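To keep things clear, I will list the structure first and then write my remarks on it.
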Amino acid sequence: MTQHPMLSGDRFRLGTFSTNCSSGMTPTKVPERWVNSWDNNLKLAQMLDEAGIDFMLPIARWIGYGGETDFHGGVLETMTWAAGLLAATKNIAVFATIHTAANHPVVVAKQIATIDQIGHGRAGLNIVAGWNKPEYEALGLTLPDDHETRYGYAQEWFDLVCKLWTSDEHFDWNGKYFKAAKVKGDPKPMRGTVPIINAAGSPQGREFATDNANFLFTPAIDLERSKTEIADLKAQAKAKGRDVNVLTFSHVICRPTEAEAKAYADHTAVQNADTDAVDNLVRLQFAHAHSFPHDLLAQIKHLFALGHGGFPLIGTPDQVADGILKLHATGFAGTTLSFVDYVEEFPYFRDTVLPKLAAAGIR
């Protein structure tokens with residue numbers, strides 16, 4: 001069996017983010033904003049697969065952020081989305097994003113093993129320990145105020161998943177948060193496990209990620225800050241005998257001229273921003289999550305209007321490629337890419353930027 005596409009080779013990994021959600025990563029009112037239909041996701045996945053893109057990462061969401069567009073009000077559920085895309089592609093990795101509080105680990109262990117068979121070993125799991133309080137309320141759940149409880153719960157959740165993937169016998173589980181009687185993981189993932197992504201900002205979250213994840217997912221707002229952060233995270237993992245890589249996310253507006261790219265950024269993120277959705281999104285991120293540095297609020301608010309806080313890759317193909325090379329030089333192992341309209345805009349990125357990254361030796 002070949003290695004998993006996320007764990008083989010040393011290239012700078014590229015993926016897409018949030019194509020299962022309405023408007024993708026851009027809370028804008030422009031009419032060409034992303035339509036997250038199954039047909040669009042399928043067309044994009046096959047296009048990405050043929051271009052050699054490494055992975056697709058969805059966002060699990062249960063209610064939208066309001067505003068005129070109800071940003072992320074429409075969402076394709078991530079496990080079934082991943083199953084369908086894995087069946088329709090050949091090489092690309094596809095992750096399911098799962099909230100530990102809303103999904104029982106015995107069920108998730110079997111679901112992941114099943115979609116891994118569908119994709120012949122290309123599935124991945126993005127674990128969300130919880131941060132969005134209104135979503136918890138929508139599901140009749142209570143978001144714990146302290147990160148210790150959130151990640152204590154997530155750790156037992158993942159421990160039970162791992163036990164199901166490694167035990168050949170039926171077993172009982174009598175933990176603090178979960179009880180299970182005579183359970184067994186059959187089938188198991190094709191390699192015994194799958195790559196794990198976790199986005200964590202709090203100290204407790206970073207402990208969880210460096211204990212369990214293959215990839216920690218974090219924003220790149222200030223690259224000098226990111227360089228130190230990445231070095232610290234890798235050292236933290238190394239002290240535990242683990243190798244954890246760090247991914248980030250980027251928003252792409254690539255045009256033949258810099259003026260065209262900047263004009264379109266202004267058109268989508270300034271003139272036509274869904275400001276109510278942006279305000280709601282930023283307020284929730286800062287109230288309940290520690291993923292974004294709080295001392296960069298003004299800059300972050302603009303970046304949220306542009307691409308949900310993603311690193312801006314705006315300009316000509318040369319400038320976009322240079323931005324990706326900067327992320328690589330900072331120490332990131334890869335980045336997701338978002339576009340206002342992924343299907344319409346990715347081909348130009350594929351044809352003009354990917355060859356530059358290959359020539360630079362990072363692809």
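In the structure tokens, chains take the letters A, B, ... in the order shown, each chain's residues start at 1, and ligands count up from 1 in the order shown.
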Where does region 95-168 of chain A meet region 211-227 of chain A within 9 Å, residue by residue, with the nearest atom pair and distance in Å to one decimal for each, counting only C-alpha atoms, listed by chain and rising number, as JSON lines?
{"residue": "A:Asn126", "atom": "CA", "partner": "A:Ala213", "partner_atom": "CA", "distance": 8.9}
{"residue": "A:Ile127", "atom": "CA", "partner": "A:Ala213", "partner_atom": "CA", "distance": 8.8}
{"residue": "A:Gln155", "atom": "CA", "partner": "A:Asn212", "partner_atom": "CA", "distance": 8.5}
{"residue": "A:Phe158", "atom": "CA", "partner": "A:Asn212", "partner_atom": "CA", "distance": 8.4}
**Item:** All residues 12 Å or closer to Ala87 (chain A), only C-alpha atoms, same chain fewer than 6 positions away omitted, as a PyMOL selection string
**Value:** chain A and resi 42+45-46+80-81+93-94+114-123
Quick one: write out the picked residues with N, CA, C and O atoms as a PDB file, in the first residue's frame?
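Output saved as out11.pdb:
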ATOM      1  N   LEU A  42     -17.916  18.451  -6.244  1.00  0.00           N
ATOM      2  CA  LEU A  42     -17.425  17.317  -7.023  1.00  0.00           C
ATOM      3  C   LEU A  42     -16.554  17.790  -8.183  1.00  0.00           C
ATOM      4  O   LEU A  42     -15.457  17.253  -8.416  1.00  0.00           O
ATOM      5  N   ALA A  45     -13.240  18.990  -6.723  1.00  0.00           N
ATOM      6  CA  ALA A  45     -12.409  17.895  -6.206  1.00  0.00           C
ATOM      7  C   ALA A  45     -11.693  17.170  -7.327  1.00  0.00           C
ATOM      8  O   ALA A  45     -10.497  16.853  -7.217  1.00  0.00           O
ATOM      9  N   GLN A  46     -12.379  16.926  -8.404  1.00  0.00           N
ATOM     10  CA  GLN A  46     -11.749  16.215  -9.520  1.00  0.00           C
ATOM     11  C   GLN A  46     -10.722  17.098 -10.218  1.00  0.00           C
ATOM     12  O   GLN A  46      -9.673  16.618 -10.666  1.00  0.00           O
ATOM     13  N   THR A  80     -20.257  12.686   5.252  1.00  0.00           N
ATOM     14  CA  THR A  80     -20.854  12.219   4.005  1.00  0.00           C
ATOM     15  C   THR A  80     -20.240  12.928   2.806  1.00  0.00           C
ATOM     16  O   THR A  80     -20.060  12.322   1.736  1.00  0.00           O
ATOM     17  N   TRP A  81     -19.898  14.202   2.975  1.00  0.00           N
ATOM     18  CA  TRP A  81     -19.179  14.952   1.927  1.00  0.00           C
ATOM     19  C   TRP A  81     -17.859  14.265   1.596  1.00  0.00           C
ATOM     20  O   TRP A  81     -17.535  14.031   0.421  1.00  0.00           O
ATOM     21  N   ALA A  93      -6.182  13.560  -0.644  1.00  0.00           N
ATOM     22  CA  ALA A  93      -6.687  13.236   0.689  1.00  0.00           C
ATOM     23  C   ALA A  93      -7.913  14.098   0.977  1.00  0.00           C
ATOM     24  O   ALA A  93      -7.968  15.263   0.588  1.00  0.00           O
ATOM     25  N   VAL A  94      -8.886  13.523   1.674  1.00  0.00           N
ATOM     26  CA  VAL A  94     -10.092  14.257   2.049  1.00  0.00           C
ATOM     27  C   VAL A  94     -10.344  14.039   3.539  1.00  0.00           C
ATOM     28  O   VAL A  94     -10.411  12.902   4.001  1.00  0.00           O
ATOM     29  N   THR A 114     -14.654   3.427   7.506  1.00  0.00           N
ATOM     30  CA  THR A 114     -15.437   3.150   6.297  1.00  0.00           C
ATOM     31  C   THR A 114     -15.022   4.056   5.147  1.00  0.00           C
ATOM     32  O   THR A 114     -14.781   3.584   4.026  1.00  0.00           O
ATOM     33  N   ILE A 115     -14.915   5.371   5.411  1.00  0.00           N
ATOM     34  CA  ILE A 115     -14.543   6.262   4.303  1.00  0.00           C
ATOM     35  C   ILE A 115     -13.093   6.043   3.890  1.00  0.00           C
ATOM     36  O   ILE A 115     -12.728   6.306   2.742  1.00  0.00           O
ATOM     37  N   ASP A 116     -12.253   5.541   4.815  1.00  0.00           N
ATOM     38  CA  ASP A 116     -10.873   5.231   4.439  1.00  0.00           C
ATOM     39  C   ASP A 116     -10.847   4.071   3.449  1.00  0.00           C
ATOM     40  O   ASP A 116     -10.017   4.048   2.534  1.00  0.00           O
ATOM     41  N   GLN A 117     -11.743   3.124   3.617  1.00  0.00           N
ATOM     42  CA  GLN A 117     -11.856   2.055   2.621  1.00  0.00           C
ATOM     43  C   GLN A 117     -12.361   2.603   1.296  1.00  0.00           C
ATOM     44  O   GLN A 117     -11.861   2.228   0.224  1.00  0.00           O
ATOM     45  N   ILE A 118     -13.339   3.484   1.347  1.00  0.00           N
ATOM     46  CA  ILE A 118     -13.878   4.074   0.121  1.00  0.00           C
ATOM     47  C   ILE A 118     -12.767   4.765  -0.667  1.00  0.00           C
ATOM     48  O   ILE A 118     -12.692   4.659  -1.897  1.00  0.00           O
ATOM     49  N   GLY A 119     -11.888   5.470   0.043  1.00  0.00           N
ATOM     50  CA  GLY A 119     -10.804   6.199  -0.616  1.00  0.00           C
ATOM     51  C   GLY A 119      -9.508   5.425  -0.729  1.00  0.00           C
ATOM     52  O   GLY A 119      -8.480   6.006  -1.099  1.00  0.00           O
ATOM     53  N   HIS A 120      -9.520   4.123  -0.402  1.00  0.00           N
ATOM     54  CA  HIS A 120      -8.307   3.307  -0.471  1.00  0.00           C
ATOM     55  C   HIS A 120      -7.156   3.944   0.301  1.00  0.00           C
ATOM     56  O   HIS A 120      -6.030   4.043  -0.180  1.00  0.00           O
ATOM     57  N   GLY A 121      -7.485   4.418   1.534  1.00  0.00           N
ATOM     58  CA  GLY A 121      -6.446   4.914   2.415  1.00  0.00           C
ATOM     59  C   GLY A 121      -6.143   6.389   2.294  1.00  0.00           C
ATOM     60  O   GLY A 121      -5.027   6.817   2.581  1.00  0.00           O
ATOM     61  N   ARG A 122      -7.144   7.219   1.910  1.00  0.00           N
ATOM     62  CA  ARG A 122      -6.900   8.663   1.734  1.00  0.00           C
ATOM     63  C   ARG A 122      -7.719   9.530   2.680  1.00  0.00           C
ATOM     64  O   ARG A 122      -7.773  10.743   2.521  1.00  0.00           O
ATOM     65  N   ALA A 123      -8.354   8.935   3.695  1.00  0.00           N
ATOM     66  CA  ALA A 123      -9.176   9.717   4.614  1.00  0.00           C
ATOM     67  C   ALA A 123      -8.317  10.407   5.662  1.00  0.00           C
ATOM     68  O   ALA A 123      -7.183  10.004   5.939  1.00  0.00           O
TER      69      ALA A 123
END
**Request:** Could you check how far CA of Phe311 (chain A) sits from CA of His267 (chain A), in Å to one decimal?
**Result:** 18.0 Å
Proximity check region 46-72 of chain A to region 335-354 of chain A, 10 Å, nearest pairs one decimal Å, only C-alpha atoms, as a tab-separated table:
residue	atom	partner	partner_atom	distance
A:Met47	CA	A:Val343	CA	8.3
A:Leu48	CA	A:Phe346	CA	8.4
A:Ala51	CA	A:Arg350	CA	6.9
A:Gly52	CA	A:Arg350	CA	9.5
A:Ile53	CA	A:Arg350	CA	9.3
A:Asp54	CA	A:Thr336	CA	9.6
A:Phe55	CA	A:Thr336	CA	8.4
A:Met56	CA	A:Thr336	CA	8.1
A:Leu57	CA	A:Thr336	CA	7.9
**Prompt:** Between A:Gln285, A:Gly140, A:Ala321, A:Thr228, which is the closest to Ala360 (chain A) once you count only C-alpha atoms?
**Reply:**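 Going through A:Gln285, A:Gly140, A:Ala321, A:Thr228 one by one, the smallest distance to Ala360 (chain A) is for A:Ala321.
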**Message:** Could you list, as a ChimeraX atom specification, every residue within 7 Å of Gly310 (chain A), counting only C-alpha atoms and ignoring same-chain residues fewer than 5 positions away?
**Reply:** /A:219,249-251,303
**Request:** Between CA of Val278 (chain A) and CA of Ser22 (chain A), measure the distance and give it in Å to one decimal.
**Result:** 14.3 Å
**Prompt:** Of the residues A:Thr275, A:Thr248, A:Thr257, A:Asn41, which is the one nearest to Ile314 (chain A), using only C-alpha atoms?
**Reply:** A:Thr257
**Item:** Residue neighbourhood Leu164 (chain A), 7 Å, only C-alpha atoms, exclusion window fewer than 5 positions, as a list in words
**Value:**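 The filter keeps Ala109, Lys184 and Gly185 of chain A.
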How would the residues just chosen look if you wrote them out with C-alpha atoms as a tab-separated table (two decimals), in the first residue's frame?
chain	number	residue	atom	x	y	z
A	109	ALA	CA	-14.24	5.45	14.56
A	184	LYS	CA	-14.77	-3.47	18.91
A	185	GLY	CA	-13.42	-1.53	15.95
**Request:** as a ChimeraX atom specification, please: all residues of region 80-277 of chain A that backbone DSSP puts in strand (DSSP E or B).
**Result:** /A:93-99,123-128,171-174,179-183,196-199,215-217,245-254,273
**Using only C-alpha atoms: which of A:Val194, A:Pro27, A:Tyr65, A:Asn280 has the shortest distance to Pro5 (chain A)** =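 Among A:Val194, A:Pro27, A:Tyr65, A:Asn280, it is A:Val194 that comes nearest to Pro5 (chain A).
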**Two-atom distance - CA of Glu32 (chain A), CA of Asp49 (chain A) (Å)** =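 According to the coordinates, CA of Glu32 (chain A) and CA of Asp49 (chain A) are separated by 23.5 Å.
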**Asked** Neighbours of Ala273 (chain A) within 12 Å (only C-alpha atoms; same-chain residues fewer than 2 positions away dropped), as a ChimeraX atom specification?
**Response** /A:23,26-31,33,67-69,71,264-271,275-279,301-308,340
